[in-house]
>>> print(open('query31.cif').read())   # mmCIF, C-alpha atoms
data_final
#
loop_
_atom_site.label_atom_id
_atom_site.label_comp_id
_atom_site.auth_asym_id
_atom_site.auth_seq_id
_atom_site.Cartn_x
_atom_site.Cartn_y
_atom_site.Cartn_z
CA MET H 27 0.00 0.00 0.00
CA LYS H 28 1.04 3.60 -0.52
CA GLU H 29 0.10 6.74 1.41
CA PHE H 30 -1.83 9.72 0.08
CA ILE H 31 -1.57 12.82 2.27
CA VAL H 32 -4.12 15.62 2.64
CA GLU H 33 -2.74 18.17 5.08
CA GLY H 34 -4.72 18.37 8.30
CA HIS H 35 -6.56 15.09 7.68
CA GLU H 36 -6.06 11.38 8.12
CA LYS H 37 -3.99 9.87 5.31
CA SER H 38 -5.30 7.47 2.69
CA LEU H 39 -3.80 4.04 2.17
CA LEU H 40 -3.95 3.10 -1.52
CA PRO H 41 -3.17 -0.10 -3.42
CA ASP H 42 0.06 -0.15 -5.39
CA GLY H 43 0.10 1.91 -8.57
CA GLU H 44 -0.47 5.55 -9.47
CA TRP H 45 -3.73 7.12 -8.36
CA ARG H 46 -5.49 10.43 -8.96
CA LEU H 47 -8.02 11.91 -6.51
CA VAL H 48 -11.27 12.56 -8.42
CA TRP H 49 -13.83 13.23 -5.68
CA ASN H 50 -13.65 13.79 -1.94
CA ASP H 51 -15.16 15.38 1.11
CA GLU H 52 -12.90 16.28 4.03
CA PHE H 53 -15.85 17.70 6.02
CA ASP H 54 -14.14 21.03 6.63
CA GLY H 55 -16.10 23.93 8.07
CA THR H 56 -19.32 23.75 10.04
CA GLU H 57 -21.97 23.04 7.37
CA LEU H 58 -22.52 19.83 5.45
CA ASP H 59 -21.86 20.32 1.72
CA ARG H 60 -25.30 19.73 0.25
CA SER H 61 -23.89 19.85 -3.29
CA LYS H 62 -22.22 16.53 -2.44
CA TRP H 63 -24.64 14.86 -0.01
CA ASP H 64 -28.34 14.45 0.50
CA TYR H 65 -30.16 12.68 3.31
CA ARG H 66 -31.74 9.32 2.56
CA LEU H 67 -35.18 9.38 4.18
CA SER H 68 -37.14 6.76 2.25
CA MET H 69 -36.62 3.11 1.36
CA MET H 70 -38.53 0.82 -1.02
CA GLY H 71 -41.27 3.36 -1.65
CA GLN H 72 -41.90 4.38 1.96
CA ARG H 73 -40.73 7.06 4.35
CA PHE H 74 -38.52 5.11 6.77
CA PRO H 75 -39.34 5.85 10.45
CA GLY H 76 -35.77 5.41 11.70
CA TRP H 77 -34.12 8.12 9.56
CA THR H 78 -33.84 11.88 10.02
CA ASP H 79 -32.21 14.82 8.27
CA LYS H 80 -30.97 16.17 11.60
CA GLY H 81 -28.53 13.46 12.66
CA VAL H 82 -25.31 14.80 11.11
CA HIS H 83 -23.27 17.89 11.94
CA LEU H 84 -19.72 19.05 11.24
CA ASP H 85 -17.67 19.64 14.37
CA GLY H 86 -15.33 22.32 12.94
CA LYS H 87 -12.44 19.86 13.26
CA SER H 88 -12.98 18.28 9.82
CA HIS H 89 -15.30 15.51 10.98
CA ALA H 90 -18.86 14.63 10.07
CA VAL H 91 -20.48 13.58 13.33
CA PHE H 92 -23.39 11.15 13.19
CA SER H 93 -25.46 10.82 16.36
CA LEU H 94 -28.65 9.27 17.63
CA GLN H 95 -31.53 11.74 17.94
CA LEU H 96 -34.89 11.59 19.65
CA GLU H 97 -37.79 12.64 17.40
CA ASN H 98 -41.37 12.28 18.58
CA GLY H 99 -39.97 10.28 21.47
CA LEU H 100 -38.24 7.71 19.24
CA PRO H 101 -34.50 7.24 18.53
CA VAL H 102 -33.52 7.96 14.91
CA SER H 103 -30.31 8.58 12.97
CA SER H 104 -29.13 9.67 9.51
CA GLN H 105 -27.99 8.28 6.20
CA LEU H 106 -26.06 10.40 3.68
CA GLN H 107 -25.97 9.61 -0.03
CA THR H 108 -24.55 11.11 -3.23
CA GLY H 109 -27.35 9.69 -5.37
CA TYR H 110 -30.75 8.05 -5.37
CA ASN H 111 -32.28 4.63 -5.93
CA PHE H 112 -35.27 4.77 -8.27
CA MET H 113 -37.34 2.47 -6.03
CA ASP H 114 -36.89 4.38 -2.77
CA GLU H 115 -39.06 7.46 -3.27
CA PRO H 116 -42.71 7.05 -2.16
CA VAL H 117 -45.29 6.74 -4.92
CA LYS H 118 -47.73 9.60 -5.41
CA PRO H 119 -50.98 9.05 -7.35
CA THR H 120 -50.79 10.53 -10.85
CA ASN H 121 -52.94 10.51 -13.96
CA PHE H 122 -51.43 9.35 -17.25
CA LEU H 123 -53.27 10.44 -20.41
CA GLY H 124 -56.56 10.64 -18.61
CA ASN H 125 -56.59 7.17 -17.09
CA ASP H 126 -55.79 5.63 -13.72
CA GLN H 127 -52.73 3.65 -14.77
CA GLN H 128 -49.27 4.67 -13.58
CA TRP H 129 -45.84 3.25 -12.87
CA ASN H 130 -45.40 2.09 -9.32
CA ILE H 131 -42.34 4.26 -8.70
CA GLY H 132 -41.87 7.66 -7.11
CA LYS H 133 -40.39 10.89 -8.43
CA LEU H 134 -36.98 10.37 -10.04
CA LYS H 135 -34.05 12.50 -8.88
CA LYS H 136 -30.75 13.35 -10.53
CA SER H 137 -27.80 11.97 -8.56
CA LEU H 138 -25.22 14.37 -7.14
CA TYR H 139 -22.26 12.07 -7.83
CA THR H 140 -21.85 8.63 -9.35
CA HIS H 141 -18.72 6.78 -10.46
CA THR H 142 -17.56 3.40 -11.69
CA PHE H 143 -14.15 1.71 -11.45
CA GLY H 144 -11.69 3.14 -8.93
CA TYR H 145 -10.66 3.08 -5.29
CA TYR H 146 -13.13 4.23 -2.63
CA GLU H 147 -12.09 5.00 0.95
CA CYS H 148 -13.86 6.09 4.11
CA CYS H 149 -11.85 6.97 7.21
CA CYS H 150 -14.01 6.84 10.31
CA LYS H 151 -14.15 6.28 14.05
CA LEU H 152 -16.82 3.74 14.93
CA GLN H 153 -19.66 4.14 17.41
CA LYS H 154 -19.25 2.53 20.82
CA ALA H 155 -22.62 0.72 20.94
CA PRO H 156 -23.37 -1.05 17.63
CA GLU H 157 -25.92 -3.20 19.45
CA ALA H 158 -28.07 -0.02 19.54
CA TRP H 159 -27.30 1.36 16.07
CA TRP H 160 -25.14 0.32 13.15
CA SER H 161 -22.98 2.17 10.65
CA ALA H 162 -21.99 1.43 7.06
CA PHE H 163 -20.04 2.65 4.02
CA TRP H 164 -21.34 1.31 0.72
CA LEU H 165 -22.18 1.82 -2.93
CA GLN H 166 -25.52 1.38 -4.65
CA SER H 167 -26.76 1.60 -8.23
CA PRO H 168 -29.60 4.01 -9.01
CA ILE H 169 -31.35 1.23 -10.99
CA ILE H 170 -30.35 -1.93 -9.14
CA GLY H 171 -32.79 -4.73 -9.93
CA ALA H 172 -34.00 -3.17 -13.16
CA SER H 173 -32.49 -6.11 -15.04
CA LEU H 174 -30.82 -9.44 -14.27
CA ASP H 175 -27.48 -8.22 -15.65
CA PRO H 176 -25.33 -6.60 -12.91
CA ALA H 177 -23.12 -4.95 -15.53
CA GLU H 178 -26.19 -3.09 -16.77
CA SER H 179 -28.24 -2.44 -13.63
CA GLY H 180 -25.56 -2.47 -10.94
CA THR H 181 -24.72 -4.04 -7.62
CA GLU H 182 -24.88 -3.02 -3.98
CA VAL H 183 -21.34 -3.21 -2.58
CA ASP H 184 -21.06 -3.20 1.22
CA ILE H 185 -17.55 -2.00 2.02
CA MET H 186 -18.02 -1.60 5.77
CA GLU H 187 -20.81 -2.54 8.15
CA TYR H 188 -20.46 -2.43 11.92
CA PHE H 189 -23.03 -4.41 13.89
CA HIS H 190 -21.01 -6.02 16.69
CA ALA H 191 -18.67 -4.32 19.15
CA GLY H 192 -15.04 -4.68 18.10
CA LYS H 193 -15.79 -6.71 14.95
CA SER H 194 -16.41 -5.63 11.39
CA SER H 195 -18.97 -7.54 9.38
CA VAL H 196 -18.11 -9.38 6.18
CA HIS H 197 -18.17 -7.44 2.92
CA CYS H 198 -21.05 -8.19 0.55
CA ALA H 199 -22.17 -7.75 -3.03
CA PHE H 200 -25.90 -7.86 -3.84
CA THR H 201 -27.41 -7.79 -7.30
CA GLY H 202 -30.82 -8.36 -8.87
CA GLY H 203 -32.59 -5.98 -6.53
CA TYR H 204 -34.12 -6.87 -3.17
CA GLY H 205 -36.80 -9.39 -4.01
CA GLN H 206 -37.16 -12.72 -5.79
CA ASP H 207 -34.13 -12.18 -8.04
CA CYS H 208 -31.65 -11.07 -5.37
CA SER H 209 -28.24 -12.75 -5.45
CA ARG H 210 -25.55 -12.23 -2.84
CA GLU H 211 -21.95 -13.12 -2.12
CA SER H 212 -19.77 -12.24 0.88
CA THR H 213 -16.09 -12.24 1.79
CA GLY H 214 -13.78 -11.03 4.55
CA SER H 215 -12.49 -11.95 7.96
CA ALA H 216 -14.73 -10.02 10.38
CA ALA H 217 -11.65 -8.12 11.54
CA ASP H 218 -11.02 -6.92 15.09
CA LEU H 219 -11.51 -3.16 15.36
CA ASP H 220 -10.62 -0.64 18.05
CA PRO H 221 -13.42 1.95 18.35
CA GLU H 222 -11.02 4.43 19.95
CA VAL H 223 -9.06 5.09 16.73
CA PHE H 224 -9.83 5.98 13.10
CA HIS H 225 -9.98 3.12 10.61
CA ARG H 226 -9.78 3.15 6.82
CA PHE H 227 -12.21 1.01 4.84
CA GLY H 228 -11.45 0.71 1.16
CA LEU H 229 -12.78 -0.84 -2.03
CA LEU H 230 -10.89 -1.45 -5.25
CA TRP H 231 -13.54 -1.87 -7.95
CA ASP H 232 -12.15 -2.94 -11.31
CA GLU H 233 -12.63 -5.38 -14.17
CA THR H 234 -11.90 -8.33 -11.87
CA GLY H 235 -14.56 -7.43 -9.29
CA TYR H 236 -14.38 -6.01 -5.78
CA THR H 237 -11.33 -6.15 -3.51
CA PHE H 238 -11.80 -4.93 0.05
CA TYR H 239 -9.28 -3.37 2.43
CA ILE H 240 -9.23 -2.55 6.14
CA ASP H 241 -6.46 -0.23 7.34
CA GLY H 242 -4.38 -0.94 4.28
CA LYS H 243 -4.65 -4.73 4.38
CA GLU H 244 -6.57 -6.74 1.83
CA ASP H 245 -9.62 -8.40 3.39
CA GLY H 246 -11.26 -10.41 0.64
CA HIS H 247 -12.30 -10.33 -3.00
CA ILE H 248 -15.58 -10.96 -4.84
CA GLY H 249 -15.21 -11.75 -8.53
CA ARG H 250 -18.91 -11.93 -9.41
CA TYR H 251 -21.74 -9.48 -10.01
CA ILE H 252 -19.39 -6.92 -11.55
CA SER H 253 -21.23 -3.66 -12.17
CA ARG H 254 -20.34 -1.30 -15.00
CA ARG H 255 -23.07 1.10 -13.97
CA PRO H 256 -22.05 4.43 -12.35
CA GLN H 257 -23.03 4.08 -8.69
CA PHE H 258 -23.45 6.44 -5.74
CA ILE H 259 -21.87 6.51 -2.30
CA LEU H 260 -23.62 6.13 1.05
CA ILE H 261 -22.47 6.68 4.62
CA SER H 262 -25.26 5.41 6.79
CA THR H 263 -26.36 4.76 10.32
CA GLU H 264 -29.54 3.11 11.50
CA VAL H 265 -31.15 2.28 14.82
CA GLN H 266 -31.40 -1.45 15.43
CA GLY H 267 -34.89 -2.92 15.51
CA TYR H 268 -36.80 -0.92 12.91
CA ARG H 269 -36.48 -3.67 10.29
CA ARG H 270 -37.54 -6.51 12.57
CA VAL H 271 -41.07 -7.74 13.17
CA GLY H 272 -42.95 -4.95 14.93
CA HIS H 273 -40.62 -2.26 13.54
CA LYS H 274 -39.67 -0.99 16.99
CA PRO H 275 -36.27 0.43 17.98
CA VAL H 276 -34.26 -1.48 20.55
CA GLU H 277 -34.42 -0.15 24.12
CA LYS H 278 -30.67 0.56 24.28
CA ALA H 279 -31.03 3.24 21.57
CA PHE H 280 -33.29 5.37 23.80
CA GLU H 281 -30.46 5.69 26.34
CA LEU H 282 -27.82 6.76 23.81
CA ALA H 283 -29.43 9.77 22.12
CA GLY H 284 -26.76 12.46 22.06
CA LYS H 285 -24.26 10.18 23.84
CA ASP H 286 -22.78 7.90 21.18
CA PHE H 287 -21.18 9.10 17.93
CA PHE H 288 -19.92 7.84 14.58
CA LEU H 289 -17.24 10.17 13.16
CA VAL H 290 -16.13 10.38 9.54
CA ASP H 291 -12.85 12.15 8.72
CA HIS H 292 -13.08 11.81 4.95
CA VAL H 293 -14.52 10.01 1.96
CA ARG H 294 -12.29 9.88 -1.13
CA VAL H 295 -12.52 8.41 -4.61
CA PHE H 296 -9.44 7.73 -6.73
CA ASP H 297 -8.97 6.75 -10.34
CA LYS H 298 -6.01 4.67 -11.43
CA VAL H 299 -3.61 6.56 -13.69
CA SER H 300 -2.94 4.66 -16.91
CA SER H 301 0.70 3.81 -17.50
#
>>> encode(input="query31.cif", output="structure tokens")
Amino acid sequence: MKEFIVEGHEKSLLPDGEWRLVWNDEFDGTELDRSKWDYRLSMMGQRFPGWTDKGVHLDGKSHAVFSLQLENGLPVSSQLQTGYNFMDEPVKPTNFLGNDQQWNIGKLKKSLYTHTFGYYECCCKLQKAPEAWWSAFWLQSPIIGASLDPAESGTEVDIMEYFHAGKSSVHCAFTGGYGQDCSRESTGSAADLDPEVFHRFGLLWDETGYTFYIDGKEDGHIGRYISRRPQFILISTEVQGYRRVGHKPVEKAFELAGKDFFLVDHVRVFDKVSS
């Protein structure tokens, strides 16, 4: 691995070769750059009860700080994204050419940033209580599931997910959407992680598939479901429990509002320089 230095920020650890920085956010200042990020509030055509647009602030020390919030007496948190999935937005009744027929999708939005092959890195300090809420760094296609060909319609690539204290989850690739045609493969070692320090989670996405890195060390490869579709970036948190039967947040999350934090120092995207 080789180092890439941005003064005043945590360094990047890149695979061997020559790389060029093509997109980044160092989270400088005190206001989130809304030309780069939007809040994800809906999923699969419904407003999701566990997400808010008030769960991220910049601390003035070049960190995006994610925290649990209480809204209407319930714990919620935030997801940031640079683009949009066409199946997430809620459907609104419309009238097409004077009849009652319509597509069962919501309003389409233009993504802020999408990209294909390259190296993606998030440097972050993990929350202390993943049993209450989890964090993730991942990529998604705007039209995942629109066809059975991942090269055409894309793949969800889970670079980092943190569900269990001190242990990363395996890395995953999903394609075919999130229903009957979903296919999935995973890799990785469930590495030990110290929540007191910043960690670097990276993805090399190229013609051979997806190679994952944790703190500069390779942690698995998936050679299937290779997307050629420009995809968007997500940094997400979510309160445990909302997706289970009953859709209720776990009790531990009520205690941690304003007390547990997920910090992101930077997100960077690099293209390989041709020799």
>>> closest_residue(input="query31.cif", among="H:Val32, H:Val223, H:Ile259, H:Met70", to="H:Gly205", atoms="only C-alpha atoms")
H:Met70
>>> closest_residue(input="query31.cif", among="H:Arg269, H:Lys154, H:Lys278, H:Lys298", to="H:Leu230", atoms="all atoms listed in the file")
H:Lys298
>>> closest_residue(input="query31.cif", among="H:Arg46, H:Lys118, H:His141, H:Arg255", to="H:Ile169", atoms="all atoms listed in the file")
H:Arg255
>>> atom_distance(input="query31.cif", atom1="atom CA of H:Phe200", atom2="atom CA of H:Glu52")
28.5 Å
>>> closest_atom_pairs(input="query31.cif", of="stretch 120-235 of chain H", to="stretch 73-78 of chain H", cutoff="12 Å", atoms="only C-alpha atoms", output="tab-separated table")
residue	atom	partner	partner_atom	distance
H:Gly132	CA	H:Arg73	CA	11.5
H:Trp159	CA	H:Gly76	CA	10.4
H:Trp160	CA	H:Gly76	CA	11.9
>>> write_last_selection(input="query31.cif", atoms="C-alpha atoms", output="compact mmCIF listing (two decimals), in the coordinates of the input")
# COMPACT_ATOMS: atom_id res chain seq x y z
CA GLY H 132 -41.87 7.66 -7.11
CA TRP H 159 -27.30 1.36 16.07
CA TRP H 160 -25.14 0.32 13.15
